>>> print(open('upload.cif').read())   # mmCIF, N, CA and C atoms
data_structure
#
loop_
_atom_site.label_atom_id
_atom_site.label_comp_id
_atom_site.auth_asym_id
_atom_site.auth_seq_id
_atom_site.Cartn_x
_atom_site.Cartn_y
_atom_site.Cartn_z
N MET A 1 0.82 -1.19 0.00
CA MET A 1 0.00 0.00 0.00
C MET A 1 0.87 1.26 0.00
N LYS A 2 1.94 1.21 0.76
CA LYS A 2 2.85 2.34 0.85
C LYS A 2 3.50 2.61 -0.51
N LYS A 3 3.90 1.53 -1.21
CA LYS A 3 4.51 1.68 -2.54
C LYS A 3 3.51 2.28 -3.54
N LEU A 4 2.28 1.86 -3.43
CA LEU A 4 1.24 2.38 -4.31
C LEU A 4 1.04 3.89 -4.09
N LEU A 5 1.01 4.29 -2.84
CA LEU A 5 0.85 5.70 -2.51
C LEU A 5 2.05 6.52 -3.01
N VAL A 6 3.25 6.00 -2.81
CA VAL A 6 4.45 6.69 -3.24
C VAL A 6 4.48 6.81 -4.76
N SER A 7 4.14 5.73 -5.46
CA SER A 7 4.15 5.80 -6.92
C SER A 7 3.05 6.73 -7.44
N PHE A 8 1.91 6.78 -6.77
CA PHE A 8 0.86 7.71 -7.16
C PHE A 8 1.33 9.15 -7.00
N LEU A 9 1.95 9.45 -5.84
CA LEU A 9 2.44 10.81 -5.60
C LEU A 9 3.54 11.19 -6.59
N PHE A 10 4.39 10.24 -6.92
CA PHE A 10 5.46 10.51 -7.88
C PHE A 10 4.87 10.82 -9.26
N SER A 11 3.91 10.00 -9.69
CA SER A 11 3.31 10.24 -11.01
C SER A 11 2.54 11.57 -11.04
N LEU A 12 1.94 11.91 -9.92
CA LEU A 12 1.24 13.18 -9.83
C LEU A 12 2.23 14.35 -9.93
N ALA A 13 3.35 14.22 -9.24
CA ALA A 13 4.37 15.28 -9.27
C ALA A 13 4.97 15.44 -10.66
N VAL A 14 5.15 14.33 -11.36
CA VAL A 14 5.73 14.39 -12.70
C VAL A 14 4.74 14.97 -13.70
N SER A 15 3.48 14.65 -13.57
CA SER A 15 2.49 15.11 -14.55
C SER A 15 1.89 16.47 -14.22
N ALA A 16 2.09 16.98 -13.02
CA ALA A 16 1.50 18.26 -12.62
C ALA A 16 1.89 19.42 -13.53
N PRO A 17 3.15 19.55 -13.94
CA PRO A 17 3.49 20.69 -14.81
C PRO A 17 2.73 20.69 -16.13
N SER A 18 2.35 19.53 -16.62
CA SER A 18 1.63 19.50 -17.89
C SER A 18 0.22 20.06 -17.75
N PHE A 19 -0.31 20.12 -16.54
CA PHE A 19 -1.63 20.68 -16.31
C PHE A 19 -1.58 22.19 -16.07
N ALA A 20 -0.40 22.72 -15.86
CA ALA A 20 -0.27 24.15 -15.60
C ALA A 20 -0.72 24.92 -16.84
N GLN A 21 -1.37 26.03 -16.60
CA GLN A 21 -1.84 26.84 -17.71
C GLN A 21 -0.68 27.61 -18.31
N GLU A 22 -0.57 27.54 -19.63
CA GLU A 22 0.51 28.24 -20.31
C GLU A 22 0.00 29.56 -20.88
N ALA A 23 0.94 30.45 -21.15
CA ALA A 23 0.59 31.71 -21.79
C ALA A 23 0.13 31.41 -23.22
N PRO A 24 -0.75 32.23 -23.76
CA PRO A 24 -1.22 31.97 -25.12
C PRO A 24 -0.08 32.04 -26.12
N LYS A 25 -0.04 31.08 -27.03
CA LYS A 25 1.03 31.04 -28.02
C LYS A 25 0.54 31.48 -29.38
N HIS A 26 -0.74 31.79 -29.47
CA HIS A 26 -1.32 32.22 -30.74
C HIS A 26 -2.06 33.52 -30.52
N LEU A 27 -2.06 34.32 -31.55
CA LEU A 27 -2.77 35.59 -31.48
C LEU A 27 -4.25 35.38 -31.81
N SER A 28 -5.07 36.25 -31.28
CA SER A 28 -6.49 36.24 -31.64
C SER A 28 -6.60 36.61 -33.12
N PRO A 29 -7.72 36.31 -33.77
CA PRO A 29 -7.87 36.70 -35.18
C PRO A 29 -7.68 38.20 -35.40
N GLU A 30 -8.20 39.03 -34.48
CA GLU A 30 -8.02 40.47 -34.59
C GLU A 30 -6.54 40.85 -34.49
N ALA A 31 -5.84 40.25 -33.54
CA ALA A 31 -4.42 40.54 -33.35
C ALA A 31 -3.60 40.03 -34.53
N GLU A 32 -3.97 38.89 -35.08
CA GLU A 32 -3.27 38.34 -36.25
C GLU A 32 -3.44 39.27 -37.45
N LYS A 33 -4.64 39.81 -37.60
CA LYS A 33 -4.90 40.76 -38.69
C LYS A 33 -4.05 42.01 -38.50
N TYR A 34 -4.00 42.52 -37.27
CA TYR A 34 -3.17 43.70 -36.98
C TYR A 34 -1.69 43.39 -37.27
N CYS A 35 -1.25 42.20 -36.89
CA CYS A 35 0.14 41.80 -37.11
C CYS A 35 0.46 41.81 -38.61
N THR A 36 -0.45 41.28 -39.41
CA THR A 36 -0.24 41.26 -40.86
C THR A 36 -0.21 42.67 -41.42
N GLU A 37 -1.14 43.52 -40.99
CA GLU A 37 -1.17 44.91 -41.49
C GLU A 37 0.06 45.69 -41.05
N LEU A 38 0.47 45.50 -39.82
CA LEU A 38 1.69 46.17 -39.32
C LEU A 38 2.90 45.71 -40.13
N THR A 39 2.99 44.42 -40.36
CA THR A 39 4.11 43.87 -41.12
C THR A 39 4.11 44.41 -42.55
N ARG A 40 2.95 44.48 -43.16
CA ARG A 40 2.86 45.02 -44.53
C ARG A 40 3.32 46.48 -44.57
N ALA A 41 2.88 47.26 -43.59
CA ALA A 41 3.27 48.68 -43.55
C ALA A 41 4.78 48.82 -43.35
N MET A 42 5.33 48.03 -42.44
CA MET A 42 6.77 48.08 -42.19
C MET A 42 7.54 47.59 -43.41
N ALA A 43 7.07 46.52 -44.05
CA ALA A 43 7.74 45.95 -45.22
C ALA A 43 7.76 46.95 -46.37
N ALA A 44 6.67 47.69 -46.55
CA ALA A 44 6.62 48.70 -47.61
C ALA A 44 7.60 49.83 -47.32
N GLU A 45 7.67 50.20 -46.06
CA GLU A 45 8.56 51.31 -45.65
C GLU A 45 10.03 50.96 -45.87
N ILE A 46 10.41 49.73 -45.57
CA ILE A 46 11.83 49.36 -45.67
C ILE A 46 12.13 48.44 -46.86
N GLN A 47 11.15 48.26 -47.75
CA GLN A 47 11.31 47.54 -49.00
C GLN A 47 11.82 46.11 -48.81
N LEU A 48 11.01 45.29 -48.16
CA LEU A 48 11.39 43.90 -47.91
C LEU A 48 10.95 42.98 -49.04
N ASN A 49 11.72 41.91 -49.26
CA ASN A 49 11.28 40.87 -50.18
C ASN A 49 10.43 39.87 -49.39
N GLU A 50 9.95 38.83 -50.04
CA GLU A 50 9.03 37.90 -49.40
C GLU A 50 9.66 37.16 -48.21
N ALA A 51 10.89 36.71 -48.35
CA ALA A 51 11.57 36.00 -47.26
C ALA A 51 11.76 36.91 -46.05
N GLU A 52 12.14 38.15 -46.31
CA GLU A 52 12.32 39.11 -45.23
C GLU A 52 10.98 39.45 -44.57
N PHE A 53 9.92 39.52 -45.38
CA PHE A 53 8.58 39.76 -44.87
C PHE A 53 8.18 38.66 -43.88
N ILE A 54 8.46 37.43 -44.24
CA ILE A 54 8.11 36.29 -43.38
C ILE A 54 8.85 36.38 -42.05
N VAL A 55 10.13 36.72 -42.10
CA VAL A 55 10.91 36.88 -40.86
C VAL A 55 10.33 38.01 -40.02
N LEU A 56 10.03 39.14 -40.66
CA LEU A 56 9.49 40.29 -39.93
C LEU A 56 8.14 39.95 -39.31
N LYS A 57 7.28 39.25 -40.04
CA LYS A 57 5.97 38.89 -39.49
C LYS A 57 6.13 37.98 -38.27
N SER A 58 7.04 37.05 -38.34
CA SER A 58 7.30 36.17 -37.19
C SER A 58 7.79 36.97 -35.99
N LEU A 59 8.69 37.91 -36.23
CA LEU A 59 9.19 38.76 -35.14
C LEU A 59 8.09 39.65 -34.59
N ASN A 60 7.24 40.19 -35.45
CA ASN A 60 6.13 41.02 -34.98
C ASN A 60 5.16 40.20 -34.13
N ARG A 61 4.87 38.99 -34.57
CA ARG A 61 3.97 38.11 -33.81
C ARG A 61 4.57 37.83 -32.43
N GLU A 62 5.85 37.52 -32.41
CA GLU A 62 6.55 37.27 -31.14
C GLU A 62 6.51 38.51 -30.25
N MET A 63 6.71 39.68 -30.83
CA MET A 63 6.68 40.92 -30.06
C MET A 63 5.29 41.17 -29.48
N MET A 64 4.27 40.90 -30.25
CA MET A 64 2.90 41.11 -29.76
C MET A 64 2.60 40.19 -28.59
N LEU A 65 3.01 38.94 -28.70
CA LEU A 65 2.78 37.99 -27.61
C LEU A 65 3.55 38.40 -26.35
N LYS A 66 4.82 38.75 -26.53
CA LYS A 66 5.64 39.14 -25.38
C LYS A 66 5.15 40.43 -24.76
N SER A 67 4.75 41.39 -25.58
CA SER A 67 4.30 42.67 -25.01
C SER A 67 3.00 42.49 -24.23
N GLU A 68 2.11 41.65 -24.71
CA GLU A 68 0.87 41.38 -23.96
C GLU A 68 1.18 40.69 -22.64
N GLU A 69 2.13 39.77 -22.68
CA GLU A 69 2.53 39.07 -21.45
C GLU A 69 3.12 40.05 -20.43
N ILE A 70 3.97 40.94 -20.91
CA ILE A 70 4.58 41.94 -20.03
C ILE A 70 3.52 42.88 -19.47
N LYS A 71 2.60 43.32 -20.30
CA LYS A 71 1.55 44.23 -19.83
C LYS A 71 0.70 43.60 -18.75
N SER A 72 0.39 42.32 -18.89
CA SER A 72 -0.44 41.68 -17.86
C SER A 72 0.38 41.33 -16.62
N THR A 73 1.63 40.91 -16.80
CA THR A 73 2.46 40.53 -15.66
C THR A 73 2.85 41.74 -14.81
N TYR A 74 3.17 42.85 -15.46
CA TYR A 74 3.66 44.03 -14.75
C TYR A 74 2.65 45.19 -14.79
N ALA A 75 1.38 44.86 -14.76
CA ALA A 75 0.33 45.88 -14.85
C ALA A 75 0.44 46.92 -13.73
N ASN A 76 0.89 46.51 -12.56
CA ASN A 76 0.96 47.42 -11.42
C ASN A 76 2.36 47.99 -11.18
N ASP A 77 3.27 47.74 -12.08
CA ASP A 77 4.65 48.20 -11.92
C ASP A 77 5.13 48.83 -13.22
N ALA A 78 4.82 50.10 -13.39
CA ALA A 78 5.11 50.79 -14.65
C ALA A 78 6.59 50.83 -14.98
N ALA A 79 7.44 51.02 -13.99
CA ALA A 79 8.88 51.10 -14.24
C ALA A 79 9.43 49.78 -14.77
N THR A 80 9.03 48.68 -14.15
CA THR A 80 9.50 47.37 -14.60
C THR A 80 8.91 47.05 -15.96
N LYS A 81 7.65 47.40 -16.17
CA LYS A 81 7.00 47.15 -17.46
C LYS A 81 7.75 47.88 -18.57
N GLU A 82 8.08 49.13 -18.33
CA GLU A 82 8.81 49.92 -19.34
C GLU A 82 10.19 49.32 -19.60
N LYS A 83 10.86 48.90 -18.54
CA LYS A 83 12.19 48.30 -18.68
C LYS A 83 12.12 47.02 -19.51
N LYS A 84 11.14 46.17 -19.20
CA LYS A 84 10.98 44.90 -19.94
C LYS A 84 10.63 45.15 -21.40
N MET A 85 9.80 46.15 -21.66
CA MET A 85 9.44 46.47 -23.04
C MET A 85 10.66 46.94 -23.81
N LYS A 86 11.50 47.75 -23.18
CA LYS A 86 12.73 48.20 -23.85
C LYS A 86 13.63 47.01 -24.16
N GLU A 87 13.66 46.04 -23.25
CA GLU A 87 14.48 44.84 -23.47
C GLU A 87 13.99 44.04 -24.67
N ILE A 88 12.67 43.87 -24.78
CA ILE A 88 12.19 43.07 -25.91
C ILE A 88 12.27 43.84 -27.23
N ILE A 89 12.19 45.16 -27.18
CA ILE A 89 12.39 45.96 -28.39
C ILE A 89 13.85 45.83 -28.85
N ALA A 90 14.77 45.87 -27.90
CA ALA A 90 16.19 45.68 -28.24
C ALA A 90 16.41 44.29 -28.84
N GLY A 91 15.74 43.29 -28.29
CA GLY A 91 15.84 41.94 -28.83
C GLY A 91 15.27 41.85 -30.23
N PHE A 92 14.15 42.52 -30.46
CA PHE A 92 13.54 42.58 -31.79
C PHE A 92 14.53 43.19 -32.78
N ASN A 93 15.12 44.32 -32.40
CA ASN A 93 16.09 45.00 -33.27
C ASN A 93 17.29 44.11 -33.57
N SER A 94 17.78 43.40 -32.56
CA SER A 94 18.97 42.56 -32.77
C SER A 94 18.66 41.33 -33.63
N LYS A 95 17.41 40.88 -33.62
CA LYS A 95 17.03 39.74 -34.48
C LYS A 95 16.75 40.18 -35.91
N LEU A 96 16.23 41.39 -36.08
CA LEU A 96 15.89 41.86 -37.42
C LEU A 96 17.10 42.43 -38.16
N THR A 97 17.99 43.09 -37.47
CA THR A 97 19.12 43.77 -38.09
C THR A 97 19.95 42.86 -39.01
N PRO A 98 20.30 41.63 -38.61
CA PRO A 98 21.11 40.79 -39.51
C PRO A 98 20.40 40.40 -40.80
N VAL A 99 19.09 40.49 -40.83
CA VAL A 99 18.31 40.10 -42.01
C VAL A 99 18.30 41.21 -43.05
N LEU A 100 18.48 42.44 -42.62
CA LEU A 100 18.33 43.59 -43.50
C LEU A 100 19.62 43.94 -44.24
N ARG A 101 19.44 44.45 -45.46
CA ARG A 101 20.55 44.98 -46.24
C ARG A 101 20.79 46.42 -45.79
N PRO A 102 21.96 46.99 -46.11
CA PRO A 102 22.28 48.34 -45.61
C PRO A 102 21.21 49.40 -45.86
N TYR A 103 20.66 49.47 -47.09
CA TYR A 103 19.64 50.49 -47.36
C TYR A 103 18.36 50.22 -46.56
N GLN A 104 18.05 48.93 -46.31
CA GLN A 104 16.88 48.59 -45.51
C GLN A 104 17.12 48.95 -44.05
N LEU A 105 18.33 48.70 -43.59
CA LEU A 105 18.69 49.03 -42.21
C LEU A 105 18.58 50.53 -41.97
N GLN A 106 18.99 51.30 -42.95
CA GLN A 106 18.88 52.75 -42.84
C GLN A 106 17.41 53.17 -42.75
N ALA A 107 16.57 52.58 -43.59
CA ALA A 107 15.14 52.90 -43.56
C ALA A 107 14.51 52.44 -42.25
N PHE A 108 14.92 51.28 -41.77
CA PHE A 108 14.40 50.76 -40.50
C PHE A 108 14.81 51.67 -39.35
N SER A 109 16.04 52.14 -39.36
CA SER A 109 16.53 53.04 -38.30
C SER A 109 15.75 54.35 -38.27
N ALA A 110 15.25 54.77 -39.41
CA ALA A 110 14.49 56.02 -39.49
C ALA A 110 13.06 55.86 -39.00
N MET A 111 12.61 54.63 -38.84
CA MET A 111 11.23 54.38 -38.38
C MET A 111 11.11 54.68 -36.90
N SER A 112 9.95 55.15 -36.53
CA SER A 112 9.68 55.46 -35.13
C SER A 112 8.87 54.31 -34.51
N LEU A 113 9.56 53.41 -33.83
CA LEU A 113 8.90 52.28 -33.19
C LEU A 113 8.90 52.48 -31.69
N SER A 114 7.78 52.15 -31.07
CA SER A 114 7.68 52.24 -29.62
C SER A 114 6.97 51.00 -29.11
N ALA A 115 6.82 50.90 -27.81
CA ALA A 115 6.13 49.76 -27.22
C ALA A 115 4.69 49.67 -27.73
N ASN A 116 4.09 50.79 -28.06
CA ASN A 116 2.71 50.80 -28.55
C ASN A 116 2.59 50.29 -29.98
N THR A 117 3.70 50.16 -30.69
CA THR A 117 3.68 49.66 -32.06
C THR A 117 3.04 48.28 -32.13
N TRP A 118 3.30 47.44 -31.14
CA TRP A 118 2.82 46.07 -31.16
C TRP A 118 1.54 45.88 -30.34
N ALA A 119 0.89 46.96 -29.97
CA ALA A 119 -0.37 46.88 -29.22
C ALA A 119 -1.53 46.93 -30.20
N VAL A 120 -2.44 46.01 -30.07
CA VAL A 120 -3.61 45.97 -30.94
C VAL A 120 -4.57 47.08 -30.50
N SER A 121 -4.98 47.90 -31.44
CA SER A 121 -5.92 48.97 -31.12
C SER A 121 -6.83 49.19 -32.32
N ASP A 122 -7.83 50.01 -32.13
CA ASP A 122 -8.77 50.31 -33.20
C ASP A 122 -8.26 51.41 -34.13
N SER A 123 -7.16 52.04 -33.73
CA SER A 123 -6.66 53.15 -34.54
C SER A 123 -6.06 52.64 -35.85
N LYS A 124 -5.91 53.55 -36.78
CA LYS A 124 -5.35 53.22 -38.08
C LYS A 124 -3.89 52.79 -37.89
N ILE A 125 -3.50 51.78 -38.61
CA ILE A 125 -2.14 51.26 -38.51
C ILE A 125 -1.25 52.10 -39.42
N ALA A 126 -0.21 52.66 -38.84
CA ALA A 126 0.72 53.45 -39.62
C ALA A 126 2.10 53.32 -39.01
N VAL A 127 3.08 53.23 -39.85
CA VAL A 127 4.45 53.23 -39.40
C VAL A 127 5.02 54.55 -39.87
N THR A 128 5.47 55.33 -38.92
CA THR A 128 5.92 56.68 -39.28
C THR A 128 7.43 56.80 -39.18
N SER A 129 7.96 57.68 -39.99
CA SER A 129 9.38 57.99 -39.91
C SER A 129 9.58 59.13 -38.94
N LYS A 130 10.81 59.26 -38.43
CA LYS A 130 11.13 60.33 -37.48
C LYS A 130 11.01 61.68 -38.12
#
>>> encode(input="upload.cif", output="C-alpha cells")
Amino acid sequence: MKKLLVSFLFSLAVSAPSFAQEAPKHLSPEAEKYCTELTRAMAAEIQLNEAEFIVLKSLNREMMLKSEEIKSTYANDAATKEKKMKEIIAGFNSKLTPVLRPYQLQAFSAMSLSANTWAVSDSKIAVTSK
C-alpha cells in the first residue's frame, strides 16, 4: 500500500506541470490581422522581399505575444513594465538587423517604433518615420 501511494504521488508530481496553464502562443484573429497589417506597412517602408517579410511577421507576432505578457504581468509596476518592453524591443532589433541589407537598415533606423507599435488597437495602422 505504501509503494502504491508513493508511486501515485510521484506520477502526480511528474504530470502536474503539464496541467499548468501556459501563456497563449497564438494571437487572436483580430491581433493576427493587426500583425499582418503592421508587417505590410513596415515591409513597404523598408522595401522587404518575401523571405524578409516572413521573418518580420514572425518577429512582430513574437513581439505582440511578449508585449501582452509583459503588460499583464507588470500591470501594477510601470517602471518594470517599461524596462521589460525596452528589453524586448532591443531583442527585436537585434534579431531583425542581420536580415536587412544596408539600405533597408537605414530605412528601419528612421522608423519610429515604440512599445505601442505592437499593441492591438482600433486606430489606423501606420508606421511613421522620425
>>> resolve_selection(input="upload.cif", expression="the PyMOL selection byres (((chain A and resi 36-42 and name CA) around 9) and name CA)", output="JSON list (two decimals) with N, CA and C atoms, in the coordinates of the input")
[["chain", "number", "residue", "atom", "x", "y", "z"],
["A", 31, "ALA", "N", -5.84, 40.25, -33.54],
["A", 31, "ALA", "CA", -4.42, 40.54, -33.35],
["A", 31, "ALA", "C", -3.60, 40.03, -34.53],
["A", 32, "GLU", "N", -3.97, 38.89, -35.08],
["A", 32, "GLU", "CA", -3.27, 38.34, -36.25],
["A", 32, "GLU", "C", -3.44, 39.27, -37.45],
["A", 33, "LYS", "N", -4.64, 39.81, -37.60],
["A", 33, "LYS", "CA", -4.90, 40.76, -38.69],
["A", 33, "LYS", "C", -4.05, 42.01, -38.50],
["A", 34, "TYR", "N", -4.00, 42.52, -37.27],
["A", 34, "TYR", "CA", -3.17, 43.70, -36.98],
["A", 34, "TYR", "C", -1.69, 43.39, -37.27],
["A", 35, "CYS", "N", -1.25, 42.20, -36.89],
["A", 35, "CYS", "CA", 0.14, 41.80, -37.11],
["A", 35, "CYS", "C", 0.46, 41.81, -38.61],
["A", 43, "ALA", "N", 7.07, 46.52, -44.05],
["A", 43, "ALA", "CA", 7.74, 45.95, -45.22],
["A", 43, "ALA", "C", 7.76, 46.95, -46.37],
["A", 44, "ALA", "N", 6.67, 47.69, -46.55],
["A", 44, "ALA", "CA", 6.62, 48.70, -47.61],
["A", 44, "ALA", "C", 7.60, 49.83, -47.32],
["A", 45, "GLU", "N", 7.67, 50.20, -46.06],
["A", 45, "GLU", "CA", 8.56, 51.31, -45.65],
["A", 45, "GLU", "C", 10.03, 50.96, -45.87],
["A", 46, "ILE", "N", 10.41, 49.73, -45.57],
["A", 46, "ILE", "CA", 11.83, 49.36, -45.67],
["A", 46, "ILE", "C", 12.13, 48.44, -46.86],
["A", 47, "GLN", "N", 11.15, 48.26, -47.75],
["A", 47, "GLN", "CA", 11.31, 47.54, -49.00],
["A", 47, "GLN", "C", 11.82, 46.11, -48.81],
["A", 48, "LEU", "N", 11.01, 45.29, -48.16],
["A", 48, "LEU", "CA", 11.39, 43.90, -47.91],
["A", 48, "LEU", "C", 10.95, 42.98, -49.04],
["A", 53, "PHE", "N", 9.92, 39.52, -45.38],
["A", 53, "PHE", "CA", 8.58, 39.76, -44.87],
["A", 53, "PHE", "C", 8.18, 38.66, -43.88],
["A", 54, "ILE", "N", 8.46, 37.43, -44.24],
["A", 54, "ILE", "CA", 8.11, 36.29, -43.38],
["A", 54, "ILE", "C", 8.85, 36.38, -42.05],
["A", 56, "LEU", "N", 10.03, 39.14, -40.66],
["A", 56, "LEU", "CA", 9.49, 40.29, -39.93],
["A", 56, "LEU", "C", 8.14, 39.95, -39.31],
["A", 57, "LYS", "N", 7.28, 39.25, -40.04],
["A", 57, "LYS", "CA", 5.97, 38.89, -39.49],
["A", 57, "LYS", "C", 6.13, 37.98, -38.27],
["A", 60, "ASN", "N", 7.24, 40.19, -35.45],
["A", 60, "ASN", "CA", 6.13, 41.02, -34.98],
["A", 60, "ASN", "C", 5.16, 40.20, -34.13],
["A", 61, "ARG", "N", 4.87, 38.99, -34.57],
["A", 61, "ARG", "CA", 3.97, 38.11, -33.81],
["A", 61, "ARG", "C", 4.57, 37.83, -32.43],
["A", 108, "PHE", "N", 14.92, 51.28, -41.77],
["A", 108, "PHE", "CA", 14.40, 50.76, -40.50],
["A", 108, "PHE", "C", 14.81, 51.67, -39.35],
["A", 111, "MET", "N", 12.61, 54.63, -38.84],
["A", 111, "MET", "CA", 11.23, 54.38, -38.38],
["A", 111, "MET", "C", 11.11, 54.68, -36.90],
["A", 117, "THR", "N", 3.70, 50.16, -30.69],
["A", 117, "THR", "CA", 3.68, 49.66, -32.06],
["A", 117, "THR", "C", 3.04, 48.28, -32.13],
["A", 118, "TRP", "N", 3.30, 47.44, -31.14],
["A", 118, "TRP", "CA", 2.82, 46.07, -31.16],
["A", 118, "TRP", "C", 1.54, 45.88, -30.34],
["A", 125, "ILE", "N", -3.50, 51.78, -38.61],
["A", 125, "ILE", "CA", -2.14, 51.26, -38.51],
["A", 125, "ILE", "C", -1.25, 52.10, -39.42],
["A", 126, "ALA", "N", -0.21, 52.66, -38.84],
["A", 126, "ALA", "CA", 0.72, 53.45, -39.62],
["A", 126, "ALA", "C", 2.10, 53.32, -39.01],
["A", 127, "VAL", "N", 3.08, 53.23, -39.85],
["A", 127, "VAL", "CA", 4.45, 53.23, -39.40],
["A", 127, "VAL", "C", 5.02, 54.55, -39.87]]
>>> resolve_selection(input="upload.cif", expression="the PyMOL selection byres ((chain A and resi 67) around 8)", output="number ranges by chain")
A: 61-66, 68-73, 84-85, 88, 115, 118-119
>>> atom_distance(input="upload.cif", atom1="CA of Gln104 (chain A)", atom2="CA of Phe92 (chain A)")
15.3 Å
>>> atom_distance(input="upload.cif", atom1="atom N of Lys95 (chain A)", atom2="CA of Ala78 (chain A)")
24.7 Å
>>> atom_distance(input="upload.cif", atom1="CA of Gln106 (chain A)", atom2="CA of Ala90 (chain A)")
16.4 Å
